[in-house]
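The file run-v4.tsv comes next; it holds TSV, C-alpha atoms.
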```tsv
chain	number	residue	atom	x	y	z
A	23	MET	CA	98.99	107.55	91.89
A	24	SER	CA	97.62	110.43	89.93
A	25	ALA	CA	99.10	112.50	87.17
A	26	THR	CA	98.94	116.15	86.33
A	27	PRO	CA	97.07	116.99	83.13
A	28	ALA	CA	98.90	115.93	80.01
A	29	GLY	CA	100.10	118.47	77.53
A	30	LEU	CA	102.01	118.05	74.36
A	31	ARG	CA	105.30	119.83	74.51
A	32	GLN	CA	107.63	120.35	71.63
A	33	SER	CA	110.88	118.50	71.64
A	34	ALA	CA	113.24	121.07	73.10
A	35	ALA	CA	116.39	119.86	71.42
A	36	THR	CA	116.63	122.98	69.30
A	37	HIS	CA	116.03	125.55	72.03
A	38	ALA	CA	118.88	127.95	72.54
A	39	ALA	CA	119.72	128.95	76.08
A	40	GLU	CA	116.92	131.20	77.28
A	41	TYR	CA	118.53	132.71	80.33
A	42	ASP	CA	121.09	135.34	81.19
A	43	GLU	CA	123.93	135.67	83.67
A	44	LEU	CA	121.74	136.58	86.65
A	45	ASP	CA	119.40	133.69	85.85
A	46	ARG	CA	122.42	131.45	85.75
A	47	ARG	CA	123.55	132.59	89.21
A	48	ILE	CA	120.05	131.93	90.53
A	49	ILE	CA	120.04	128.49	88.88
A	50	VAL	CA	123.39	127.58	90.42
A	51	ALA	CA	122.19	128.81	93.83
A	52	THR	CA	118.96	126.77	93.69
A	53	GLN	CA	119.72	123.63	91.69
A	54	ASP	CA	120.32	121.71	94.91
A	55	GLY	CA	117.08	123.07	96.33
A	56	LEU	CA	115.51	126.09	97.99
A	57	PRO	CA	116.67	127.10	101.47
A	58	ARG	CA	114.21	125.99	104.14
A	59	VAL	CA	113.92	129.31	105.89
A	60	ALA	CA	110.91	131.57	106.34
A	61	ARG	CA	111.93	133.84	103.46
A	62	PRO	CA	113.77	131.55	101.02
A	63	TYR	CA	113.82	134.04	98.14
A	64	HIS	CA	115.52	136.60	100.37
A	65	ALA	CA	118.14	134.00	101.23
A	66	VAL	CA	118.75	133.28	97.54
A	67	GLY	CA	118.86	137.02	96.81
A	68	GLU	CA	121.51	137.57	99.48
A	69	GLN	CA	123.56	134.76	98.00
A	70	VAL	CA	123.49	136.14	94.45
A	71	GLY	CA	123.44	139.86	95.35
A	72	VAL	CA	119.97	140.97	94.28
A	73	THR	CA	116.66	141.65	96.03
A	74	ALA	CA	114.10	138.96	96.83
A	75	ALA	CA	111.71	140.70	94.45
A	76	GLU	CA	114.23	140.29	91.64
A	77	VAL	CA	114.74	136.61	92.48
A	78	MET	CA	110.98	136.01	92.43
A	79	ALA	CA	110.58	137.90	89.16
A	80	ARG	CA	113.36	135.85	87.55
A	81	LEU	CA	111.94	132.55	88.81
A	82	GLN	CA	108.51	133.57	87.54
A	83	ARG	CA	109.93	134.40	84.13
A	84	MET	CA	111.82	131.12	83.95
A	85	LEU	CA	108.59	129.29	84.85
A	86	GLU	CA	106.73	131.10	82.07
A	87	ARG	CA	109.45	130.25	79.56
A	88	GLY	CA	109.60	126.63	80.64
A	89	VAL	CA	113.20	126.90	81.81
A	90	ILE	CA	111.76	125.82	85.16
A	91	ARG	CA	109.19	123.04	84.85
A	92	ARG	CA	107.81	123.77	88.31
A	93	ILE	CA	108.86	124.70	91.82
A	94	GLY	CA	108.05	122.05	94.37
A	95	ALA	CA	109.01	118.69	95.78
A	96	VAL	CA	110.04	115.45	94.12
A	97	PRO	CA	109.29	112.39	96.22
A	98	ASN	CA	111.37	109.25	96.10
A	99	HIS	CA	108.75	106.88	94.72
A	100	TYR	CA	110.36	103.84	96.35
A	101	LYS	CA	109.90	105.45	99.76
A	102	LEU	CA	106.23	106.03	98.99
A	103	GLY	CA	105.78	102.33	98.24
A	104	TYR	CA	105.91	102.49	94.44
A	105	ARG	CA	108.44	99.68	94.20
A	106	ALA	CA	107.70	98.38	90.71
A	107	ASN	CA	109.08	100.59	87.99
A	108	GLY	CA	108.34	99.45	84.48
A	109	MET	CA	109.66	101.11	81.37
A	110	THR	CA	107.05	100.01	78.85
A	111	VAL	CA	108.12	100.19	75.21
A	112	TRP	CA	105.83	99.91	72.21
A	113	ASN	CA	106.20	99.46	68.48
A	114	VAL	CA	103.55	101.70	66.93
A	115	PRO	CA	103.20	103.06	63.38
A	116	ASP	CA	105.35	106.18	62.98
A	117	GLU	CA	102.58	108.07	61.20
A	118	ARG	CA	100.34	107.71	64.26
A	119	ILE	CA	102.91	108.24	66.98
A	120	ARG	CA	101.90	111.77	67.94
A	121	GLU	CA	98.22	110.96	68.26
A	122	LEU	CA	98.95	107.76	70.20
A	123	GLY	CA	101.69	109.29	72.34
A	124	GLU	CA	99.33	111.99	73.51
A	125	GLN	CA	96.68	109.42	74.39
A	126	VAL	CA	99.09	107.17	76.27
A	127	GLY	CA	100.66	110.17	78.01
A	128	ALA	CA	97.25	111.32	79.16
A	129	LEU	CA	96.70	108.11	81.15
A	130	ALA	CA	96.98	108.78	84.86
A	131	SER	CA	99.22	105.73	85.26
A	132	VAL	CA	101.91	107.04	82.88
A	133	SER	CA	104.47	109.42	84.32
A	134	HIS	CA	106.64	110.04	81.25
A	135	CYS	CA	105.93	109.38	77.59
A	136	TYR	CA	108.38	109.85	74.72
A	137	HIS	CA	108.92	109.08	71.07
A	138	ARG	CA	112.41	107.62	70.72
A	139	PRO	CA	114.27	106.10	67.74
A	140	ARG	CA	114.12	102.41	66.90
A	141	HIS	CA	117.37	100.45	66.58
A	142	LEU	CA	116.47	97.73	64.09
A	143	PRO	CA	116.56	94.82	63.96
A	144	GLY	CA	116.91	94.23	67.69
A	145	TRP	CA	114.93	97.17	69.05
A	146	PRO	CA	111.70	97.87	67.16
A	147	TYR	CA	110.14	100.06	69.86
A	148	ASN	CA	109.51	103.76	69.26
A	149	LEU	CA	107.11	104.77	72.07
A	150	PHE	CA	108.29	104.76	75.68
A	151	ALA	CA	105.88	105.10	78.61
A	152	MET	CA	107.08	104.91	82.21
A	153	VAL	CA	104.66	103.18	84.56
A	154	HIS	CA	105.01	102.90	88.33
A	155	GLY	CA	103.11	100.64	90.69
A	156	HIS	CA	103.23	99.27	94.19
A	157	ASP	CA	104.01	95.86	92.68
A	158	ARG	CA	104.37	94.19	89.29
A	159	ASN	CA	100.72	93.15	89.18
A	160	GLU	CA	99.73	96.79	89.35
A	161	VAL	CA	102.16	97.63	86.56
A	162	GLU	CA	100.86	94.73	84.43
A	163	ALA	CA	97.30	96.00	84.82
A	164	LYS	CA	98.42	99.40	83.59
A	165	VAL	CA	100.27	97.82	80.66
A	166	ALA	CA	97.03	96.03	79.71
A	167	GLU	CA	95.24	99.38	79.83
A	168	ILE	CA	97.78	100.88	77.40
A	169	ALA	CA	97.50	97.83	75.11
A	170	ARG	CA	93.71	98.21	75.02
A	171	LEU	CA	94.05	101.87	74.18
A	172	LEU	CA	96.50	101.19	71.35
A	173	GLY	CA	94.51	98.30	69.90
A	174	ASP	CA	95.76	97.33	66.43
A	175	ALA	CA	98.46	100.00	66.58
A	176	ASP	CA	100.32	97.85	69.14
A	177	ARG	CA	102.68	95.86	66.91
A	178	GLY	CA	104.58	94.51	69.86
A	179	HIS	CA	105.58	95.70	73.29
A	180	THR	CA	107.62	94.70	76.29
A	181	VAL	CA	108.19	95.91	79.83
A	182	LEU	CA	111.65	96.46	81.26
A	183	TYR	CA	111.56	96.38	85.04
A	184	SER	CA	114.33	98.06	86.92
A	185	THR	CA	116.16	95.74	89.26
A	186	ARG	CA	118.67	98.16	90.73
A	187	ILE	CA	119.51	101.84	90.76
A	188	LEU	CA	123.18	102.02	89.79
A	189	LYS	CA	123.41	105.81	90.01
A	190	LYS	CA	121.05	108.68	90.65
A	191	THR	CA	122.11	112.29	90.75
A	192	GLY	CA	120.46	115.43	89.51
A	193	LEU	CA	121.21	117.50	86.49
A	194	ARG	CA	124.17	119.78	87.20
A	195	ILE	CA	125.26	122.95	85.57
A	196	GLY	CA	128.60	124.47	86.42
A	197	GLY	CA	128.92	127.49	88.71
B	100	MET	CA	105.10	109.24	107.88
B	101	ASP	CA	101.80	110.56	109.23
B	102	VAL	CA	98.79	112.27	107.67
B	103	LEU	CA	100.41	115.71	107.70
B	104	ASP	CA	103.55	114.37	105.99
B	105	ARG	CA	101.38	112.86	103.26
B	106	GLN	CA	99.48	116.12	102.84
B	107	ILE	CA	102.76	118.01	102.59
B	108	ILE	CA	104.13	115.63	99.93
B	109	ASN	CA	100.96	115.83	97.86
B	110	GLU	CA	100.66	119.60	98.22
B	111	LEU	CA	104.28	120.32	97.33
B	112	GLN	CA	104.16	118.26	94.13
B	113	GLY	CA	101.58	120.74	92.89
B	114	GLY	CA	103.86	123.73	93.20
B	115	PHE	CA	105.34	126.16	95.69
B	116	PRO	CA	104.38	129.83	95.79
B	117	LEU	CA	106.57	132.75	94.79
B	118	CYS	CA	105.93	135.23	97.60
B	119	GLU	CA	107.55	136.72	100.68
B	120	HIS	CA	106.53	133.94	103.06
B	121	PRO	CA	105.83	130.88	100.90
B	122	PHE	CA	106.14	128.35	103.72
B	123	ALA	CA	103.62	130.34	105.78
B	124	GLU	CA	101.22	130.36	102.83
B	125	VAL	CA	101.46	126.59	102.31
B	126	ALA	CA	101.29	125.96	106.06
B	127	GLU	CA	98.06	127.90	106.30
B	128	ARG	CA	96.51	125.78	103.53
B	129	LEU	CA	97.51	122.64	105.42
B	130	GLY	CA	96.42	123.92	108.81
B	131	THR	CA	99.87	123.87	110.33
B	132	SER	CA	102.53	126.43	111.21
B	133	GLU	CA	105.38	127.76	109.11
B	134	ASP	CA	107.97	126.37	111.56
B	135	GLU	CA	106.34	122.95	111.60
B	136	LEU	CA	106.16	122.80	107.80
B	137	ILE	CA	109.85	123.70	107.45
B	138	ARG	CA	110.77	121.10	110.09
B	139	ARG	CA	108.72	118.45	108.26
B	140	ILE	CA	110.23	119.21	104.85
B	141	ASP	CA	113.74	119.04	106.33
B	142	ALA	CA	112.95	115.68	107.90
B	143	LEU	CA	111.44	114.29	104.67
B	144	LEU	CA	114.55	115.36	102.75
B	145	THR	CA	116.86	113.93	105.40
B	146	ASP	CA	115.20	110.50	105.45
B	147	GLY	CA	115.03	110.44	101.65
B	148	THR	CA	111.23	110.50	101.31
B	149	LEU	CA	111.71	113.63	99.23
B	150	SER	CA	114.63	113.57	96.83
B	151	ARG	CA	114.40	117.27	95.95
B	152	PHE	CA	112.71	120.47	96.99
B	153	GLY	CA	113.03	123.56	94.83
B	154	PRO	CA	112.89	124.60	91.18
B	155	MET	CA	112.98	121.74	88.62
B	156	TYR	CA	115.05	123.02	85.73
B	157	HIS	CA	114.49	121.95	82.14
B	158	ALA	CA	117.86	120.73	80.84
B	159	GLU	CA	117.38	121.48	77.16
B	160	ARG	CA	116.07	124.98	77.79
B	161	LEU	CA	119.20	125.66	79.79
B	162	GLY	CA	121.12	124.95	76.61
B	163	GLY	CA	122.04	121.46	77.76
B	164	ALA	CA	121.11	118.11	76.34
B	165	LEU	CA	119.70	114.87	77.65
B	166	THR	CA	119.54	111.44	76.20
B	167	LEU	CA	118.64	107.92	77.22
B	168	ALA	CA	121.17	105.26	76.31
B	169	ALA	CA	121.28	101.51	76.69
B	170	MET	CA	123.91	98.79	76.65
B	171	GLN	CA	123.93	95.03	76.48
B	172	VAL	CA	126.42	94.12	79.18
B	173	PRO	CA	127.58	90.53	79.77
B	174	GLU	CA	126.45	89.54	83.28
B	175	ALA	CA	129.96	88.64	84.37
B	176	ASP	CA	131.14	92.12	83.40
B	177	PHE	CA	128.20	94.05	84.80
B	178	GLU	CA	129.77	95.54	87.93
B	179	ARG	CA	132.97	96.54	86.15
B	180	VAL	CA	131.03	98.25	83.36
B	181	ALA	CA	128.74	100.01	85.85
B	182	VAL	CA	131.78	101.54	87.54
B	183	LEU	CA	133.18	102.71	84.19
B	184	VAL	CA	129.86	104.22	83.10
B	185	ASN	CA	129.04	105.83	86.44
B	186	ALA	CA	132.46	107.49	86.53
B	187	TYR	CA	131.23	109.99	83.95
B	188	PRO	CA	129.69	113.02	85.70
B	189	GLU	CA	127.37	113.33	82.67
B	190	VAL	CA	125.69	110.06	83.69
B	191	ALA	CA	122.81	111.38	85.79
B	192	HIS	CA	120.85	108.15	86.34
B	193	ASN	CA	121.75	104.58	85.66
B	194	TYR	CA	119.39	101.62	86.11
B	195	ALA	CA	119.81	97.89	85.77
B	196	ARG	CA	116.82	96.48	83.88
B	197	GLU	CA	115.62	93.00	83.00
B	198	HIS	CA	116.26	92.73	79.27
B	199	ALA	CA	119.06	91.84	76.86
B	200	LEU	CA	119.70	95.60	76.97
B	201	ASN	CA	120.30	95.48	80.69
B	202	MET	CA	121.90	98.82	81.52
B	203	TRP	CA	119.99	102.06	80.90
B	204	PHE	CA	121.39	105.46	81.71
B	205	VAL	CA	120.53	109.10	81.21
B	206	LEU	CA	123.24	111.44	79.99
B	207	ALA	CA	122.91	115.12	80.84
B	208	THR	CA	125.43	117.46	79.26
B	209	GLU	CA	125.85	121.23	79.19
B	210	SER	CA	125.95	121.26	75.39
B	211	PRO	CA	124.30	119.03	72.78
B	212	GLY	CA	127.61	118.23	71.10
B	213	ARG	CA	128.97	116.66	74.26
B	214	ILE	CA	126.46	113.76	74.13
B	215	ASP	CA	128.17	112.07	71.18
B	216	ALA	CA	131.60	112.58	72.74
B	217	VAL	CA	130.55	110.93	76.02
B	218	ILE	CA	128.93	108.02	74.17
B	219	ALA	CA	132.07	107.49	72.12
B	220	ALA	CA	134.18	107.60	75.29
B	221	ILE	CA	131.95	105.05	77.05
B	222	GLU	CA	132.12	102.74	74.02
B	223	HIS	CA	135.89	103.09	74.03
B	224	ASP	CA	136.22	102.42	77.78
B	225	THR	CA	133.89	99.43	77.84
B	226	GLY	CA	134.33	97.95	74.39
B	227	LEU	CA	130.51	97.74	74.18
B	228	LYS	CA	128.05	99.38	71.84
B	229	VAL	CA	125.93	102.19	73.30
B	230	TYR	CA	122.44	102.49	71.85
B	231	ASN	CA	121.53	106.17	71.86
B	232	MET	CA	117.79	106.80	72.24
B	233	PRO	CA	117.29	110.57	72.44
B	234	LYS	CA	113.72	111.73	72.77
B	235	LEU	CA	112.31	112.79	69.42
B	236	GLU	CA	109.16	114.12	71.00
B	237	GLU	CA	107.93	114.49	74.56
B	238	PHE	CA	104.27	113.75	75.15
B	239	PHE	CA	104.16	114.10	78.88
B	240	VAL	CA	106.28	114.97	81.86
B	241	GLY	CA	104.79	115.39	85.25
B	242	LEU	CA	105.76	112.66	87.60
B	243	ARG	CA	103.37	112.84	90.48
B	244	PHE	CA	102.82	110.29	93.20
B	245	GLU	CA	100.01	110.17	95.70
B	246	ALA	CA	101.57	109.71	99.13
```
Hey, can you dump this file as structure tokens for me?
Amino acid sequence: MSATPAGLRQSAATHAAEYDELDRRIIVATQDGLPRVARPYHAVGEQVGVTAAEVMARLQRMLERGVIRRIGAVPNHYKLGYRANGMTVWNVPDERIRELGEQVGALASVSHCYHRPRHLPGWPYNLFAMVHGHDRNEVEAKVAEIARLLGDADRGHTVLYSTRILKKTGLRIGG
Amino acid sequence: MDVLDRQIINELQGGFPLCEHPFAEVAERLGTSEDELIRRIDALLTDGTLSRFGPMYHAERLGGALTLAAMQVPEADFERVAVLVNAYPEVAHNYAREHALNMWFVLATESPGRIDAVIAAIEHDTGLKVYNMPKLEEFFVGLRFEA
């Protein structure tokens, strides 16, 4: 497993909607995926009533603004043999969380990395890093790598393995 | 899954071009034909090897909100609670995990204010506390698997 280069991104909770009505029609037309035809942007354009050039320009603009993270494929990691899925959670000093989060996120073995709130007393963990492996041994080796990186800043951690997917659908916005 | 399928999966995680004939462009890079590439992607989507192909939208920048939430569900009640939780269209993913907090789900709503309402409704339906763990900061997103 490899990871794309890490980059710190601002929490987006305060972003206002950064798209207009035509963008919205394009989003609704493509949120289930791109048509698999030779000229997919023409197909989307026909659906929403604009030219392919306009569709491409809008998608490009949404990419630049971060409304679209990327255009591409998402594999089902189970099907690729990544059967162990560990949500690793760490209790690290709040004043160092940004520095440490960036370092942990930069590890090739970590696919998502977030600062989340503690719920004391039962849940002291504030740094979440998702780790995938072919089996639990592989995940444990990656957890050890994170622990080494954190050193003294690791005030306790645990790994929550998933045992079952109870539901999995995509994000939906209304048409 | 053969070598070309693996190449397609790896290539398409890196991005898909915005141009007149994007499949032809990717096919050329991979040394295959446009028709063959389209056939392969369709097959990988059909058998579930790929779960999505297209633009990945960023929920918060669309004006929506996401959060991760957890519950401590008594084992005997687990299936009943899963049905109640999953019934909400805002529940995008839900995983059983090995921990006292044994049910973890992602809520995706069209507006930030809706998150609290859905959490309150789930607490009401289930009689259980929902621990809301919204991201305070995102250090990395870029799930990528080598096929």
Measuring between only C-alpha atoms, which one of A:Gly127, A:Gly71, A:Gly108, A:Pro115 shows the shortest distance to chain B? A:Gly127
I'd like a table as CSV: residues in range 27-95 of chain A with an atom no more than 9 Å from range 127-143 of chain B, each row giving the shortest atom pair and its distance in Å to one decimal, all atoms listed in the file counted, sorted by chain and rising residue number.
```
residue,atom,partner,partner_atom,distance
A:Arg58,CA,B:Ile137,CA,5.9
A:Val59,CA,B:Ile137,CA,7.1
A:Ala60,CA,B:Glu133,CA,7.3
```
Output, as JSON, the centre and edge lengths in Å (one decimal) of the axis-aligned box that contains all listed atoms of range 82-99 of chain A with 5 Å of margin on each side.
```
{"center_x": 110.0, "center_y": 120.6, "center_z": 87.9, "size_x": 16.5, "size_y": 37.5, "size_z": 26.7}
```
Just need the residues of chain B within 7 Å of chain A, counting only C-alpha atoms, so spit them out as a PyMOL selection string. chain B and resi 111-115+117+119-120+122+137+147-157+159-162+185+191-198+207+209+232-246
Computed gap from CA of Tyr187 in chain B to CA of Thr145 in chain B is 26.1 Å
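When the distance limit is 8 Å and all atoms listed in the file are what count, the residues near Lys228 in chain B, minus those fewer than 6 positions from it on the same chain, are Met170, Gln171 and Glu222 of chain B.
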Could you please take those selected residues and save C-alpha atoms as a compact mmCIF listing (two decimals), in the frame of the given file?
```txt
# COMPACT_ATOMS: atom_id res chain seq x y z
CA MET B 170 123.91 98.79 76.65
CA GLN B 171 123.93 95.03 76.48
CA GLU B 222 132.12 102.74 74.02
```
Within 12 Å of (131.2, 101.1, 73.2) (file coordinates; all atoms listed in the file), which protein or nucleic acid residues are there? I'd like them as a short mmCIF file (atom, residue, chain, number, x, y, z; two decimals) with C-alpha atoms, in the frame of the given file.
```
data_model
loop_
_atom_site.label_atom_id
_atom_site.label_comp_id
_atom_site.auth_asym_id
_atom_site.auth_seq_id
_atom_site.Cartn_x
_atom_site.Cartn_y
_atom_site.Cartn_z
CA ALA B 168 121.17 105.26 76.31
CA ALA B 169 121.28 101.51 76.69
CA MET B 170 123.91 98.79 76.65
CA GLN B 171 123.93 95.03 76.48
CA VAL B 172 126.42 94.12 79.18
CA VAL B 180 131.03 98.25 83.36
CA LEU B 183 133.18 102.71 84.19
CA VAL B 184 129.86 104.22 83.10
CA ASP B 215 128.17 112.07 71.18
CA ALA B 216 131.60 112.58 72.74
CA VAL B 217 130.55 110.93 76.02
CA ILE B 218 128.93 108.02 74.17
CA ALA B 219 132.07 107.49 72.12
CA ALA B 220 134.18 107.60 75.29
CA ILE B 221 131.95 105.05 77.05
CA GLU B 222 132.12 102.74 74.02
CA HIS B 223 135.89 103.09 74.03
CA ASP B 224 136.22 102.42 77.78
CA THR B 225 133.89 99.43 77.84
CA GLY B 226 134.33 97.95 74.39
CA LEU B 227 130.51 97.74 74.18
CA LYS B 228 128.05 99.38 71.84
CA VAL B 229 125.93 102.19 73.30
CA TYR B 230 122.44 102.49 71.85
CA ASN B 231 121.53 106.17 71.86
#
```
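Here CA of Ala166 in chain A is placed at a distance of 12.7 Å from CA of Val111 in chain A.
In this model, the gap between CA of Asp104 in chain B and CA of Ile48 in chain A comes to 28.6 Å.
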If you count only C-alpha atoms, which residues fall within 8 Å of Arg47 in chain A, apart from same-chain ones fewer than 3 positions away, as a PyMOL selection string? chain A and resi 43-44+50-51+70+197
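Minimum atom-to-atom distances from A:Tyr147, A:Val114, A:His156, A:Glu76 to Leu171 in chain A were compared using only C-alpha atoms, and the lowest value belongs to A:Val114.
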